[in-house]
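Next up, structure37.cif (mmCIF, C-alpha atoms, pLDDT in the B column; chains and numbers go by the auth columns):
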data_my_file
loop_
_atom_site.group_PDB
_atom_site.id
_atom_site.type_symbol
_atom_site.label_atom_id
_atom_site.label_comp_id
_atom_site.label_asym_id
_atom_site.label_seq_id
_atom_site.Cartn_x
_atom_site.Cartn_y
_atom_site.Cartn_z
_atom_site.B_iso_or_equiv
_atom_site.auth_seq_id
_atom_site.auth_asym_id
ATOM 1 C CA LYS A 1 -163.637 99.532 -59.939 93.00 1 A
ATOM 2 C CA LEU A 2 -163.031 97.025 -57.161 97.00 2 A
ATOM 3 C CA VAL A 3 -160.995 94.092 -58.519 98.00 3 A
ATOM 4 C CA LEU A 4 -159.747 92.227 -55.435 98.00 4 A
ATOM 5 C CA ASP A 5 -161.551 92.027 -52.097 98.00 5 A
ATOM 6 C CA VAL A 6 -159.801 90.088 -49.319 98.00 6 A
ATOM 7 C CA ARG A 7 -161.690 89.804 -46.033 97.00 7 A
ATOM 8 C CA HIS A 8 -160.589 88.292 -42.701 96.00 8 A
ATOM 9 C CA LEU A 9 -158.227 85.850 -44.402 97.00 9 A
ATOM 10 C CA THR A 10 -156.703 83.301 -42.015 95.00 10 A
ATOM 11 C CA LYS A 11 -154.286 80.499 -42.864 95.00 11 A
ATOM 12 C CA ILE A 12 -152.732 78.010 -40.431 94.00 12 A
ATOM 13 C CA VAL A 13 -149.335 76.477 -41.223 91.00 13 A
ATOM 14 C CA ASP A 14 -147.742 74.017 -38.767 91.00 14 A
ATOM 15 C CA GLY A 15 -150.083 75.109 -36.013 90.00 15 A
ATOM 16 C CA LYS A 16 -149.253 78.819 -36.440 92.00 16 A
ATOM 17 C CA LYS A 17 -151.247 81.565 -38.130 93.00 17 A
ATOM 18 C CA ALA A 18 -149.323 82.345 -41.315 95.00 18 A
ATOM 19 C CA LEU A 19 -152.142 84.777 -42.146 96.00 19 A
ATOM 20 C CA ASP A 20 -154.133 86.308 -39.320 95.00 20 A
ATOM 21 C CA ASN A 21 -157.366 88.130 -40.189 95.00 21 A
ATOM 22 C CA VAL A 22 -155.916 89.863 -43.276 96.00 22 A
ATOM 23 C CA THR A 23 -158.293 92.332 -44.935 96.00 23 A
ATOM 24 C CA PHE A 24 -157.667 94.730 -47.828 97.00 24 A
ATOM 25 C CA GLN A 25 -159.058 95.817 -51.191 97.00 25 A
ATOM 26 C CA LEU A 26 -157.459 96.589 -54.536 98.00 26 A
ATOM 27 C CA LYS A 27 -159.005 98.677 -57.303 97.00 27 A
ATOM 28 C CA SER A 28 -158.261 98.847 -61.016 97.00 28 A
ATOM 29 C CA GLY A 29 -155.402 101.126 -62.047 97.00 29 A
ATOM 30 C CA VAL A 30 -153.650 100.810 -58.680 98.00 30 A
ATOM 31 C CA ILE A 31 -150.363 99.150 -57.734 98.00 31 A
ATOM 32 C CA LEU A 32 -150.712 97.968 -54.145 98.00 32 A
ATOM 33 C CA GLY A 33 -147.320 97.089 -52.725 98.00 33 A
ATOM 34 C CA VAL A 34 -146.863 94.448 -50.036 97.00 34 A
ATOM 35 C CA ALA A 35 -143.705 95.039 -48.007 96.00 35 A
ATOM 36 C CA GLY A 36 -142.313 92.891 -45.245 94.00 36 A
ATOM 37 C CA VAL A 37 -139.471 90.650 -44.210 93.00 37 A
ATOM 38 C CA GLU A 38 -139.955 87.339 -46.014 91.00 38 A
ATOM 39 C CA GLY A 39 -141.837 84.734 -44.036 92.00 39 A
ATOM 40 C CA ASN A 40 -144.505 87.061 -42.669 95.00 40 A
ATOM 41 C CA GLY A 41 -147.397 85.765 -44.780 95.00 41 A
ATOM 42 C CA GLN A 42 -146.645 87.233 -48.208 96.00 42 A
ATOM 43 C CA LYS A 43 -146.065 83.835 -49.850 94.00 43 A
ATOM 44 C CA GLU A 44 -149.274 82.380 -48.412 95.00 44 A
ATOM 45 C CA LEU A 45 -151.227 85.452 -49.494 97.00 45 A
ATOM 46 C CA SER A 46 -150.110 85.218 -53.129 96.00 46 A
ATOM 47 C CA GLU A 47 -150.633 81.439 -53.270 95.00 47 A
ATOM 48 C CA ILE A 48 -154.164 81.687 -51.881 96.00 48 A
ATOM 49 C CA ILE A 49 -155.223 84.458 -54.285 97.00 49 A
ATOM 50 C CA THR A 50 -153.880 82.480 -57.276 96.00 50 A
ATOM 51 C CA GLY A 51 -155.424 79.160 -56.198 95.00 51 A
ATOM 52 C CA MET A 52 -152.171 77.396 -55.337 94.00 52 A
ATOM 53 C CA ASP A 53 -153.203 77.021 -51.696 93.00 53 A
ATOM 54 C CA ASP A 54 -156.395 76.914 -49.627 90.00 54 A
ATOM 55 C CA PHE A 55 -157.375 78.986 -46.610 89.00 55 A
ATOM 56 C CA LEU A 56 -159.092 78.371 -43.295 82.00 56 A
ATOM 57 C CA GLU A 57 -161.308 81.404 -42.778 92.00 57 A
ATOM 58 C CA GLY A 58 -162.365 84.536 -44.619 95.00 58 A
ATOM 59 C CA HIS A 59 -163.048 85.096 -48.278 94.00 59 A
ATOM 60 C CA VAL A 60 -161.346 86.279 -51.446 97.00 60 A
ATOM 61 C CA VAL A 61 -163.460 87.831 -54.193 97.00 61 A
ATOM 62 C CA ILE A 62 -161.977 88.660 -57.609 98.00 62 A
ATOM 63 C CA ASN A 63 -164.040 90.658 -60.089 97.00 63 A
ATOM 64 C CA GLY A 64 -167.157 89.855 -58.071 96.00 64 A
ATOM 65 C CA THR A 65 -166.533 86.090 -57.941 97.00 65 A
ATOM 66 C CA THR A 66 -165.484 84.186 -54.823 97.00 66 A
ATOM 67 C CA ILE A 67 -162.490 81.921 -55.456 96.00 67 A
ATOM 68 C CA LYS A 68 -163.202 79.400 -52.697 92.00 68 A
ATOM 69 C CA ASP A 69 -162.809 75.844 -54.081 90.00 69 A
ATOM 70 C CA LYS A 70 -161.911 77.114 -57.567 95.00 70 A
ATOM 71 C CA THR A 71 -159.018 75.604 -59.535 95.00 71 A
ATOM 72 C CA ILE A 72 -155.983 77.589 -60.698 95.00 72 A
ATOM 73 C CA ARG A 73 -157.367 77.622 -64.249 94.00 73 A
ATOM 74 C CA GLU A 74 -160.799 78.809 -63.079 96.00 74 A
ATOM 75 C CA ILE A 75 -159.169 81.645 -61.123 96.00 75 A
ATOM 76 C CA ARG A 76 -157.127 82.602 -64.191 95.00 76 A
ATOM 77 C CA GLU A 77 -160.346 82.683 -66.214 95.00 77 A
ATOM 78 C CA ILE A 78 -161.800 85.193 -63.735 96.00 78 A
ATOM 79 C CA GLY A 79 -158.973 87.521 -64.824 96.00 79 A
ATOM 80 C CA VAL A 80 -155.811 86.755 -62.839 97.00 80 A
ATOM 81 C CA ALA A 81 -152.196 86.704 -64.036 97.00 81 A
ATOM 82 C CA HIS A 82 -149.455 85.418 -61.741 96.00 82 A
ATOM 83 C CA ILE A 83 -145.698 85.904 -61.552 96.00 83 A
ATOM 84 C CA SER A 84 -144.539 83.339 -58.998 93.00 84 A
ATOM 85 C CA GLU A 85 -141.635 84.039 -56.646 91.00 85 A
ATOM 86 C CA ASP A 86 -140.108 80.718 -57.803 89.00 86 A
ATOM 87 C CA ARG A 87 -139.855 80.941 -61.563 87.00 87 A
ATOM 88 C CA MET A 88 -138.070 77.609 -62.004 86.00 88 A
ATOM 89 C CA THR A 89 -140.599 75.565 -60.002 83.00 89 A
ATOM 90 C CA TYR A 90 -143.910 77.324 -60.696 85.00 90 A
ATOM 91 C CA GLY A 91 -143.207 79.991 -63.303 89.00 91 A
ATOM 92 C CA CYS A 92 -142.017 77.848 -66.186 93.00 92 A
ATOM 93 C CA ALA A 93 -141.496 74.327 -67.482 93.00 93 A
ATOM 94 C CA GLN A 94 -137.695 74.178 -67.840 91.00 94 A
ATOM 95 C CA ASN A 95 -137.522 71.425 -70.429 94.00 95 A
ATOM 96 C CA SER A 96 -140.206 72.951 -72.637 96.00 96 A
ATOM 97 C CA SER A 97 -139.612 75.517 -75.356 96.00 97 A
ATOM 98 C CA VAL A 98 -140.199 79.248 -75.199 97.00 98 A
ATOM 99 C CA TRP A 99 -143.396 78.908 -77.251 96.00 99 A
ATOM 100 C CA GLU A 100 -144.684 76.028 -75.146 95.00 100 A
ATOM 101 C CA ASN A 101 -144.217 78.086 -71.993 96.00 101 A
ATOM 102 C CA ILE A 102 -145.940 81.108 -73.512 95.00 102 A
ATOM 103 C CA ILE A 103 -148.969 79.064 -74.618 94.00 103 A
ATOM 104 C CA SER A 104 -149.145 76.956 -71.441 93.00 104 A
ATOM 105 C CA THR A 105 -151.873 79.050 -69.826 92.00 105 A
ATOM 106 C CA ARG A 106 -154.092 79.350 -72.919 90.00 106 A
ATOM 107 C CA PHE A 107 -153.507 76.310 -75.157 90.00 107 A
ATOM 108 C CA TYR A 108 -157.047 75.041 -74.479 89.00 108 A
ATOM 109 C CA LYS A 109 -158.741 78.135 -75.895 89.00 109 A
ATOM 110 C CA GLU A 110 -160.433 77.837 -79.268 86.00 110 A
ATOM 111 C CA GLU A 111 -158.399 80.622 -80.854 86.00 111 A
ATOM 112 C CA TYR A 112 -155.252 78.477 -80.514 88.00 112 A
ATOM 113 C CA GLY A 113 -156.654 75.189 -81.789 84.00 113 A
ATOM 114 C CA GLN A 114 -159.668 73.101 -82.560 82.00 114 A
ATOM 115 C CA LYS A 115 -160.609 69.658 -81.222 77.00 115 A
ATOM 116 C CA GLY A 116 -157.316 69.194 -79.435 79.00 116 A
ATOM 117 C CA ILE A 117 -155.163 70.132 -82.457 88.00 117 A
ATOM 118 C CA LEU A 118 -153.025 73.197 -81.815 89.00 118 A
ATOM 119 C CA ASP A 119 -152.617 75.878 -84.463 90.00 119 A
ATOM 120 C CA LEU A 120 -148.806 75.913 -84.250 91.00 120 A
ATOM 121 C CA LYS A 121 -148.365 78.683 -86.794 92.00 121 A
ATOM 122 C CA LYS A 122 -150.599 81.042 -84.838 93.00 122 A
ATOM 123 C CA ILE A 123 -148.952 80.060 -81.548 94.00 123 A
ATOM 124 C CA LYS A 124 -145.407 80.524 -82.864 94.00 124 A
ATOM 125 C CA ASP A 125 -146.340 83.828 -84.501 94.00 125 A
ATOM 126 C CA LEU A 126 -147.667 85.048 -81.149 94.00 126 A
ATOM 127 C CA SER A 127 -144.525 83.793 -79.385 96.00 127 A
ATOM 128 C CA ALA A 128 -142.258 85.527 -81.898 95.00 128 A
ATOM 129 C CA LYS A 129 -144.119 88.828 -81.401 96.00 129 A
ATOM 130 C CA LEU A 130 -143.842 88.519 -77.621 96.00 130 A
ATOM 131 C CA ARG A 131 -140.182 87.577 -77.920 96.00 131 A
ATOM 132 C CA GLU A 132 -139.564 90.832 -79.756 95.00 132 A
ATOM 133 C CA ARG A 133 -141.783 92.983 -77.550 94.00 133 A
ATOM 134 C CA PHE A 134 -140.208 91.742 -74.313 95.00 134 A
ATOM 135 C CA SER A 135 -136.663 91.517 -75.711 93.00 135 A
ATOM 136 C CA ILE A 136 -136.255 87.820 -74.906 95.00 136 A
ATOM 137 C CA LYS A 137 -132.755 86.767 -75.956 95.00 137 A
ATOM 138 C CA CYS A 138 -132.971 83.246 -77.388 94.00 138 A
ATOM 139 C CA ASP A 139 -131.977 81.453 -80.599 93.00 139 A
ATOM 140 C CA ASP A 140 -135.643 81.094 -81.547 93.00 140 A
ATOM 141 C CA VAL A 141 -138.953 80.269 -79.861 95.00 141 A
ATOM 142 C CA ASN A 142 -138.214 76.518 -80.151 95.00 142 A
ATOM 143 C CA GLN A 143 -135.302 76.809 -77.715 96.00 143 A
ATOM 144 C CA PRO A 144 -135.795 75.107 -74.301 96.00 144 A
ATOM 145 C CA VAL A 145 -136.292 77.654 -71.539 96.00 145 A
ATOM 146 C CA LYS A 146 -133.589 76.057 -69.371 95.00 146 A
ATOM 147 C CA MET A 147 -130.987 77.195 -71.949 96.00 147 A
ATOM 148 C CA LEU A 148 -131.780 80.869 -71.265 95.00 148 A
ATOM 149 C CA SER A 149 -130.343 83.186 -68.632 93.00 149 A
ATOM 150 C CA GLY A 150 -132.352 83.884 -65.464 92.00 150 A
ATOM 151 C CA GLY A 151 -133.381 87.303 -66.730 93.00 151 A
ATOM 152 C CA ASN A 152 -134.610 85.902 -70.039 94.00 152 A
ATOM 153 C CA ILE A 153 -136.496 83.074 -68.330 95.00 153 A
ATOM 154 C CA GLN A 154 -138.264 85.717 -66.253 95.00 154 A
ATOM 155 C CA LYS A 155 -139.032 87.653 -69.443 95.00 155 A
ATOM 156 C CA VAL A 156 -140.716 84.545 -70.866 96.00 156 A
ATOM 157 C CA VAL A 157 -142.862 84.292 -67.718 96.00 157 A
ATOM 158 C CA VAL A 158 -143.687 87.994 -67.841 95.00 158 A
ATOM 159 C CA ALA A 159 -144.461 87.902 -71.576 96.00 159 A
ATOM 160 C CA ARG A 160 -146.966 85.106 -70.969 96.00 160 A
ATOM 161 C CA GLU A 161 -148.597 86.744 -67.948 96.00 161 A
ATOM 162 C CA PHE A 162 -148.688 90.343 -69.168 95.00 162 A
ATOM 163 C CA SER A 163 -150.096 89.433 -72.588 93.00 163 A
ATOM 164 C CA ASP A 164 -153.078 87.562 -71.175 86.00 164 A
ATOM 165 C CA ALA A 165 -156.483 89.215 -70.905 83.00 165 A
ATOM 166 C CA SER A 166 -156.301 89.626 -67.136 93.00 166 A
ATOM 167 C CA ASN A 167 -157.147 92.678 -65.072 96.00 167 A
ATOM 168 C CA LEU A 168 -155.408 91.532 -61.871 98.00 168 A
ATOM 169 C CA ILE A 169 -151.665 90.844 -61.776 98.00 169 A
ATOM 170 C CA ILE A 170 -150.167 89.113 -58.755 97.00 170 A
ATOM 171 C CA ALA A 171 -146.451 89.909 -59.032 97.00 171 A
ATOM 172 C CA ASN A 172 -144.462 88.088 -56.341 96.00 172 A
ATOM 173 C CA GLN A 173 -140.767 89.075 -56.329 95.00 173 A
ATOM 174 C CA PRO A 174 -140.974 89.839 -60.080 95.00 174 A
ATOM 175 C CA THR A 175 -137.366 91.053 -60.417 95.00 175 A
ATOM 176 C CA ARG A 176 -135.534 88.825 -57.959 92.00 176 A
ATOM 177 C CA GLY A 177 -132.159 87.541 -59.147 89.00 177 A
ATOM 178 C CA ILE A 178 -132.238 89.066 -62.617 91.00 178 A
ATOM 179 C CA ASP A 179 -130.114 91.659 -64.398 91.00 179 A
ATOM 180 C CA ILE A 180 -130.681 95.413 -64.355 93.00 180 A
ATOM 181 C CA GLY A 181 -132.035 95.540 -67.913 91.00 181 A
ATOM 182 C CA ALA A 182 -134.691 92.876 -67.320 92.00 182 A
ATOM 183 C CA THR A 183 -135.569 94.455 -63.972 95.00 183 A
ATOM 184 C CA GLU A 184 -136.085 97.877 -65.536 95.00 184 A
ATOM 185 C CA MET A 185 -138.258 96.455 -68.326 94.00 185 A
ATOM 186 C CA ILE A 186 -140.502 94.523 -65.913 95.00 186 A
ATOM 187 C CA ARG A 187 -140.937 97.538 -63.633 96.00 187 A
ATOM 188 C CA LYS A 188 -141.877 99.785 -66.557 96.00 188 A
ATOM 189 C CA GLU A 189 -144.367 97.186 -67.808 95.00 189 A
ATOM 190 C CA LEU A 190 -146.030 96.945 -64.389 97.00 190 A
ATOM 191 C CA ILE A 191 -146.454 100.719 -64.283 97.00 191 A
ATOM 192 C CA ARG A 192 -147.723 100.830 -67.870 96.00 192 A
ATOM 193 C CA LEU A 193 -150.263 98.055 -67.299 96.00 193 A
ATOM 194 C CA SER A 194 -151.555 99.667 -64.115 97.00 194 A
ATOM 195 C CA ARG A 195 -151.988 102.976 -65.929 97.00 195 A
ATOM 196 C CA GLU A 196 -154.001 101.106 -68.552 96.00 196 A
ATOM 197 C CA GLY A 197 -156.362 100.045 -65.769 97.00 197 A
ATOM 198 C CA ARG A 198 -155.047 96.771 -64.463 97.00 198 A
ATOM 199 C CA ALA A 199 -154.829 96.162 -60.721 98.00 199 A
ATOM 200 C CA VAL A 200 -151.398 95.034 -59.521 98.00 200 A
ATOM 201 C CA LEU A 201 -150.556 93.369 -56.215 98.00 201 A
ATOM 202 C CA LEU A 202 -146.783 93.774 -55.952 98.00 202 A
ATOM 203 C CA ILE A 203 -145.083 91.610 -53.337 97.00 203 A
ATOM 204 C CA SER A 204 -141.404 92.449 -53.059 95.00 204 A
ATOM 205 C CA ALA A 205 -138.584 92.188 -50.536 90.00 205 A
ATOM 206 C CA ASP A 206 -136.831 94.982 -52.458 91.00 206 A
ATOM 207 C CA LEU A 207 -137.736 98.156 -50.565 92.00 207 A
ATOM 208 C CA ASN A 208 -136.616 100.414 -53.409 93.00 208 A
ATOM 209 C CA GLU A 209 -138.870 98.528 -55.802 95.00 209 A
ATOM 210 C CA VAL A 210 -141.919 98.534 -53.574 95.00 210 A
ATOM 211 C CA LEU A 211 -141.552 102.244 -52.742 96.00 211 A
ATOM 212 C CA GLU A 212 -140.788 103.282 -56.308 96.00 212 A
ATOM 213 C CA LEU A 213 -143.651 101.405 -57.984 97.00 213 A
ATOM 214 C CA SER A 214 -146.492 101.329 -55.459 98.00 214 A
ATOM 215 C CA ASP A 215 -149.401 103.760 -55.342 98.00 215 A
ATOM 216 C CA SER A 216 -150.570 102.390 -51.998 97.00 216 A
ATOM 217 C CA LEU A 217 -148.734 100.127 -49.587 97.00 217 A
ATOM 218 C CA ILE A 218 -149.383 97.549 -46.894 96.00 218 A
ATOM 219 C CA VAL A 219 -146.752 96.162 -44.528 96.00 219 A
ATOM 220 C CA MET A 220 -147.017 92.594 -43.263 96.00 220 A
ATOM 221 C CA TYR A 221 -145.608 91.406 -39.959 96.00 221 A
ATOM 222 C CA ASP A 222 -146.299 88.082 -38.255 95.00 222 A
ATOM 223 C CA GLY A 223 -149.137 87.259 -40.651 95.00 223 A
ATOM 224 C CA LYS A 224 -150.983 90.520 -40.018 95.00 224 A
ATOM 225 C CA ILE A 225 -151.209 93.869 -41.790 96.00 225 A
ATOM 226 C CA ALA A 226 -149.047 96.019 -39.530 95.00 226 A
ATOM 227 C CA ALA A 227 -149.510 99.229 -41.519 95.00 227 A
ATOM 228 C CA TYR A 228 -151.363 100.687 -44.486 95.00 228 A
ATOM 229 C CA PHE A 229 -150.360 103.774 -46.452 95.00 229 A
ATOM 230 C CA GLU A 230 -152.923 105.031 -48.937 95.00 230 A
ATOM 231 C CA ASP A 231 -150.179 107.123 -50.553 96.00 231 A
ATOM 232 C CA ALA A 232 -146.902 105.168 -50.709 96.00 232 A
ATOM 233 C CA SER A 233 -144.943 108.382 -51.321 95.00 233 A
ATOM 234 C CA THR A 234 -145.625 109.485 -47.729 94.00 234 A
ATOM 235 C CA VAL A 235 -143.352 106.798 -46.220 93.00 235 A
ATOM 236 C CA ASP A 236 -139.601 106.205 -46.486 92.00 236 A
ATOM 237 C CA GLU A 237 -137.397 103.133 -46.021 91.00 237 A
ATOM 238 C CA TYR A 238 -136.551 104.002 -42.421 92.00 238 A
ATOM 239 C CA GLU A 239 -140.188 104.316 -41.381 91.00 239 A
ATOM 240 C CA LEU A 240 -141.141 101.220 -43.356 92.00 240 A
ATOM 241 C CA GLY A 241 -138.389 99.221 -41.669 90.00 241 A
ATOM 242 C CA LYS A 242 -139.889 99.887 -38.230 93.00 242 A
ATOM 243 C CA TYR A 243 -143.205 98.348 -39.274 93.00 243 A
ATOM 244 C CA MET A 244 -141.480 95.444 -41.041 93.00 244 A
ATOM 245 C CA LEU A 245 -139.579 94.567 -37.862 92.00 245 A
ATOM 246 C CA GLY A 246 -142.614 94.918 -35.596 91.00 246 A
ATOM 247 C CA ILE A 247 -141.172 97.945 -33.776 93.00 247 A
ATOM 248 C CA LYS A 248 -144.149 100.081 -34.835 88.00 248 A
ATOM 249 C CA LYS A 249 -147.715 99.086 -35.621 87.00 249 A
ATOM 250 C CA GLN A 250 -150.753 100.998 -36.841 86.00 250 A
ATOM 251 C CA GLU A 251 -154.328 100.461 -35.839 73.00 251 A
ATOM 252 C CA VAL A 252 -155.292 99.665 -39.414 58.00 252 A
ATOM 253 C CA ASN A 253 -158.845 100.589 -40.383 55.00 253 A
ATOM 254 C CA VAL A 254 -159.473 98.063 -43.115 49.00 254 A
ATOM 255 C CA ASN A 255 -162.720 99.727 -44.145 47.00 255 A
ATOM 256 C CA GLU A 256 -160.747 102.657 -45.522 43.00 256 A
ATOM 257 C CA GLN A 257 -158.578 100.521 -47.782 41.00 257 A
#
Have the structure of the file written as structure tokens, please.
Amino acid sequence: KLVLDVRHLTKIVDGKKALDNVTFQLKSGVILGVAGVEGNGQKELSEIITGMDDFLEGHVVINGTTIKDKTIREIREIGVAHISEDRMTYGCAQNSSVWENIISTRFYKEEYGQKGILDLKKIKDLSAKLRERFSIKCDDVNQPVKMLSGGNIQKVVVAREFSDASNLIIANQPTRGIDIGATEMIRKELIRLSREGRAVLLISADLNEVLELSDSLIVMYDGKIAAYFEDASTVDEYELGKYMLGIKKQEVNVNEQ
């Protein structure tokens, strides 16, 4: 099933094309890796798909719905989860508790409260279950997120995003700057969720990560898709590096993606 359809996406930043006619598709049950040296359009791509930024030309369709002019919440409601590359600015509210961060994307839903009054018992029960499932080390779910380690803050973000009823996960640098244990857990969860049928767009500057996890792979250079590999296992770091640095470039047939 086609989950994400990006066509001819163009974004101008400071007079330069940060994204230049980017086209690709992503189906359910697939991890599509996005490799590239940072600053080649990956950030803009993830922010556009999640509603954090607008675009000049092209279209983005998620689960059959175009996202043009939709709010972040409306895009989430279509079925999108988002791990931001900047967890402290966009991924969490530092001064809020673990449970407040976990409920922040769904507090308005009827199952968590009626007429503006939150069902705190239900919310804290959910948070406690997620704390255990994702091995979040904290005193309790009332603890402010800023008191946790970087790895545990990322686990809070991941617990919130992976437990939502989304079928598209935008994971931008999901394991950056965290410990080996948290990294391993997040990678296993991404694989598990994709095998359950979710579509994952994995943007990572970690070549090992992107090669190890991805089913298919695109390489971005200078705002364009420089290469596409339907089977990520057919490429190695050396070959990938050539495309990332602009030394090699494919004639990418987007209709085959």
query: Near range 151-162 of chain A, within 6 Å and counting all atoms listed in the file, which residues show up once chain neighbours fewer than 4 positions away are dropped, as a PyMOL selection string?
result: chain A and resi 81+102+136+178-179+182
message: Applying 12 Å and all atoms listed in the file, which residues near Val30 in chain A remain after dropping the ones on its own chain fewer than 5 positions away? List them as a ChimeraX atom specification.
response: /A:1-4,25,167-169,190-202,213-217,230-232,257
task: Take the PyMOL selection byres ((chain A and resi 7-10) around 8), apply it to the structure above, and return the hits as number ranges by chain.
output: A: 5-6, 11-12, 17-24, 55-60
message: Applying 9 Å and only C-alpha atoms, which residues near range 236-251 of chain A remain after dropping the ones on its own chain fewer than 2 positions away? List them as a ChimeraX atom specification.
response: /A:35-37,207-208,211,219-222,225-228,232-234,253
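Look at Ile180 in chain A: the protein and nucleic acid residues within 12 Å of it, using only C-alpha atoms and passing over chain neighbours fewer than 5 places away, are Gly150, Gly151, Asn152, Thr175, Met185, Ile186 and Arg187 of chain A.
Of note, CA of Gly177 in chain A and CA of Gly91 in chain A are spaced 14.0 Å apart.
With all atoms listed in the file as the basis for measurement, A:Asp206 is the residue among A:Asp164, A:Gln42, A:Ile78, A:Asp206 that approaches Thr183 in chain A most closely.
The nearest approach to Asp69 in chain A among the residues A:Gly15, A:Gly113, A:Pro144, A:Gly51, with all atoms listed in the file taken into account, belongs to A:Gly51.
Note that the spacing between CA of Gly79 in chain A and CA of Thr66 in chain A amounts to 12.4 Å.
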- request: Find the residues near Cys92 in chain A: any atom within 7 Å, counting all atoms listed in the file, skip ones fewer than 4 places away on the same chain, and give them as a VMD selection string.
  value: chain A and resid 87 to 88 101 157
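Relative to CA of Arg131 in chain A, CA of Gly181 in chain A is found at 15.2 Å.
The smallest atom-to-atom distance between Lys16 in chain A and any of A:Tyr90, A:Arg176, A:Asn40, A:Ile62, using only C-alpha atoms, is found for A:Asn40.
Shortest atom-to-atom contact with Glu209 in chain A among A:Asp54, A:Gly29, A:Val34, A:Asn142: A:Val34, counting all atoms listed in the file.
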message: Could you check the closest approach to Tyr108 in chain A for each of A:Glu77, A:Asp125, A:Asp86, A:Glu44 and tell me which residue wins, using only C-alpha atoms?
response: A:Glu77
